[in-house]
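Q: Below you'll find the structure I mean.
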Amino acid sequence: MSRRTRPLAVPTVRIPRQRGGQPVIVVLSAEEGPTLTARAAAASGRWLWKHRRTWAPTGIAVLLLVLSALVHLIEPRTGWALAPLVLAPVGVWAWITRRRPAASRTTKTWRALLAAAVAGAIGWVPVAIWFGPARPAVALAWALLTLAAQVAWLIARRLTITTEKGTR
């Protein structure tokens, strides 16, 4: 049988006899290692798992993108039922403002900006369900909101880590 017709042909290795008469045993495996694509996917997966908290906003945004696409395909009118949820961050902001008034003007401004940003992010979901997340304007809004959330998350984490180290 020729080498070409043998299944999973292993190349023949000839090793000359050694002194002492002991035969040399060489084990050759017919199995191939993982492909470059599999290695890259495994390395990416390990890196993402290691930094999963850092990339939480982007992961949530991708999950919302997929879920809104599925709901849009099943029943686009669900967007109308979810539309009142846009007012929830404004209500929470008003409640917090009454319960714990801000000591400084900067704190008031940041609270209002955070409420507006969260309202915009929550408002994206009904719009994406109604019009479809693949529309250019909706996809652009998703990308901008995701970028803003990720940057704010990284800044907040860095500020939190530095203040925790400073208080110890």
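Ordering of the structure tokens sets the chain letters (A, B, ...), residue numbers begin anew at 1 in every chain, and ligands are numbered from 1 in the order given.
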Skipping near chain neighbours, those fewer than 6 positions away, what residues fall within 12 Å of A:Leu140 using only C-alpha atoms, listed as number ranges by chain?
A: A: 65, 124, 128, 133-134, 146-147
Q: Residues as selected, all heavy atoms, written as a PDB file, in the first residue's frame, can you do that?
A:
ATOM      1  N   LEU A  65     -28.858  44.191  21.773  1.00  0.00           N
ATOM      2  CA  LEU A  65     -28.971  44.268  20.313  1.00  0.00           C
ATOM      3  C   LEU A  65     -29.575  42.983  19.751  1.00  0.00           C
ATOM      4  O   LEU A  65     -30.505  43.020  18.939  1.00  0.00           O
ATOM      5  CB  LEU A  65     -27.601  44.541  19.696  1.00  0.00           C
ATOM      6  CG  LEU A  65     -27.563  44.702  18.178  1.00  0.00           C
ATOM      7  CD1 LEU A  65     -28.170  46.043  17.788  1.00  0.00           C
ATOM      8  CD2 LEU A  65     -26.141  44.599  17.682  1.00  0.00           C
ATOM      9  N   TRP A 124     -33.668  53.486  23.692  1.00  0.00           N
ATOM     10  CA  TRP A 124     -33.211  52.850  22.462  1.00  0.00           C
ATOM     11  C   TRP A 124     -33.911  51.510  22.246  1.00  0.00           C
ATOM     12  O   TRP A 124     -34.211  51.144  21.109  1.00  0.00           O
ATOM     13  CB  TRP A 124     -31.691  52.631  22.502  1.00  0.00           C
ATOM     14  CG  TRP A 124     -31.190  51.931  21.302  1.00  0.00           C
ATOM     15  CD1 TRP A 124     -30.835  52.494  20.119  1.00  0.00           C
ATOM     16  CD2 TRP A 124     -31.021  50.520  21.135  1.00  0.00           C
ATOM     17  NE1 TRP A 124     -30.436  51.521  19.240  1.00  0.00           N
ATOM     18  CE2 TRP A 124     -30.542  50.304  19.845  1.00  0.00           C
ATOM     19  CE3 TRP A 124     -31.219  49.420  21.956  1.00  0.00           C
ATOM     20  CZ2 TRP A 124     -30.264  49.037  19.347  1.00  0.00           C
ATOM     21  CZ3 TRP A 124     -30.951  48.161  21.470  1.00  0.00           C
ATOM     22  CH2 TRP A 124     -30.486  47.978  20.190  1.00  0.00           C
ATOM     23  N   ALA A 128     -35.606  50.339  18.822  1.00  0.00           N
ATOM     24  CA  ALA A 128     -34.993  49.242  18.076  1.00  0.00           C
ATOM     25  C   ALA A 128     -35.984  48.118  17.827  1.00  0.00           C
ATOM     26  O   ALA A 128     -35.950  47.477  16.774  1.00  0.00           O
ATOM     27  CB  ALA A 128     -33.773  48.715  18.829  1.00  0.00           C
ATOM     28  N   PRO A 133     -33.217  46.920  14.771  1.00  0.00           N
ATOM     29  CA  PRO A 133     -31.891  47.418  15.142  1.00  0.00           C
ATOM     30  C   PRO A 133     -30.927  47.540  13.971  1.00  0.00           C
ATOM     31  O   PRO A 133     -29.861  48.124  14.114  1.00  0.00           O
ATOM     32  CB  PRO A 133     -31.396  46.380  16.155  1.00  0.00           C
ATOM     33  CG  PRO A 133     -32.164  45.161  15.853  1.00  0.00           C
ATOM     34  CD  PRO A 133     -33.485  45.606  15.315  1.00  0.00           C
ATOM     35  N   ALA A 134     -31.290  47.030  12.803  1.00  0.00           N
ATOM     36  CA  ALA A 134     -30.398  47.098  11.652  1.00  0.00           C
ATOM     37  C   ALA A 134     -30.543  48.396  10.866  1.00  0.00           C
ATOM     38  O   ALA A 134     -29.749  48.653   9.960  1.00  0.00           O
ATOM     39  CB  ALA A 134     -30.652  45.908  10.728  1.00  0.00           C
ATOM     40  N   THR A 146     -23.355  52.683  23.258  1.00  0.00           N
ATOM     41  CA  THR A 146     -22.440  51.658  23.770  1.00  0.00           C
ATOM     42  C   THR A 146     -21.074  52.256  24.071  1.00  0.00           C
ATOM     43  O   THR A 146     -20.481  51.987  25.120  1.00  0.00           O
ATOM     44  CB  THR A 146     -22.307  50.508  22.760  1.00  0.00           C
ATOM     45  OG1 THR A 146     -23.603  49.965  22.510  1.00  0.00           O
ATOM     46  CG2 THR A 146     -21.398  49.418  23.287  1.00  0.00           C
ATOM     47  N   LEU A 147     -20.587  53.069  23.164  1.00  0.00           N
ATOM     48  CA  LEU A 147     -19.291  53.718  23.373  1.00  0.00           C
ATOM     49  C   LEU A 147     -19.329  54.627  24.599  1.00  0.00           C
ATOM     50  O   LEU A 147     -18.419  54.600  25.440  1.00  0.00           O
ATOM     51  CB  LEU A 147     -18.892  54.511  22.130  1.00  0.00           C
ATOM     52  CG  LEU A 147     -17.554  55.230  22.192  1.00  0.00           C
ATOM     53  CD1 LEU A 147     -16.416  54.235  22.305  1.00  0.00           C
ATOM     54  CD2 LEU A 147     -17.376  56.112  20.969  1.00  0.00           C
TER      55      LEU A 147
END
Q: A:Val138: which residues within 10 Å, counting only C-alpha atoms, same-chain residues fewer than 6 positions away excluded, as a ChimeraX atom specification?
A: /A:124-125,127-129,131-132,144
Q: For the residues in the current selection, export C-alpha atoms as a PDB file, in the first residue's frame.
A:
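Result file is part-v6.pdb:
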ATOM      1  CA  TRP A 124     -33.211  52.850  22.462  1.00  0.00           C
ATOM      2  CA  VAL A 125     -34.771  49.446  23.191  1.00  0.00           C
ATOM      3  CA  VAL A 127     -37.164  52.194  19.136  1.00  0.00           C
ATOM      4  CA  ALA A 128     -34.993  49.242  18.076  1.00  0.00           C
ATOM      5  CA  ILE A 129     -37.857  46.813  18.591  1.00  0.00           C
ATOM      6  CA  PHE A 131     -38.002  49.968  13.659  1.00  0.00           C
ATOM      7  CA  GLY A 132     -35.448  47.157  13.836  1.00  0.00           C
ATOM      8  CA  LEU A 144     -22.759  55.779  20.253  1.00  0.00           C
TER       9      LEU A 144
END
Q: At what distance in Å, to one decimal, does atom CA of A:Thr107 lie from atom CA of A:Ala152?
A: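 Atom-to-atom, atom CA of A:Ala152 and atom CA of A:Thr107 are spaced 15.6 Å apart.
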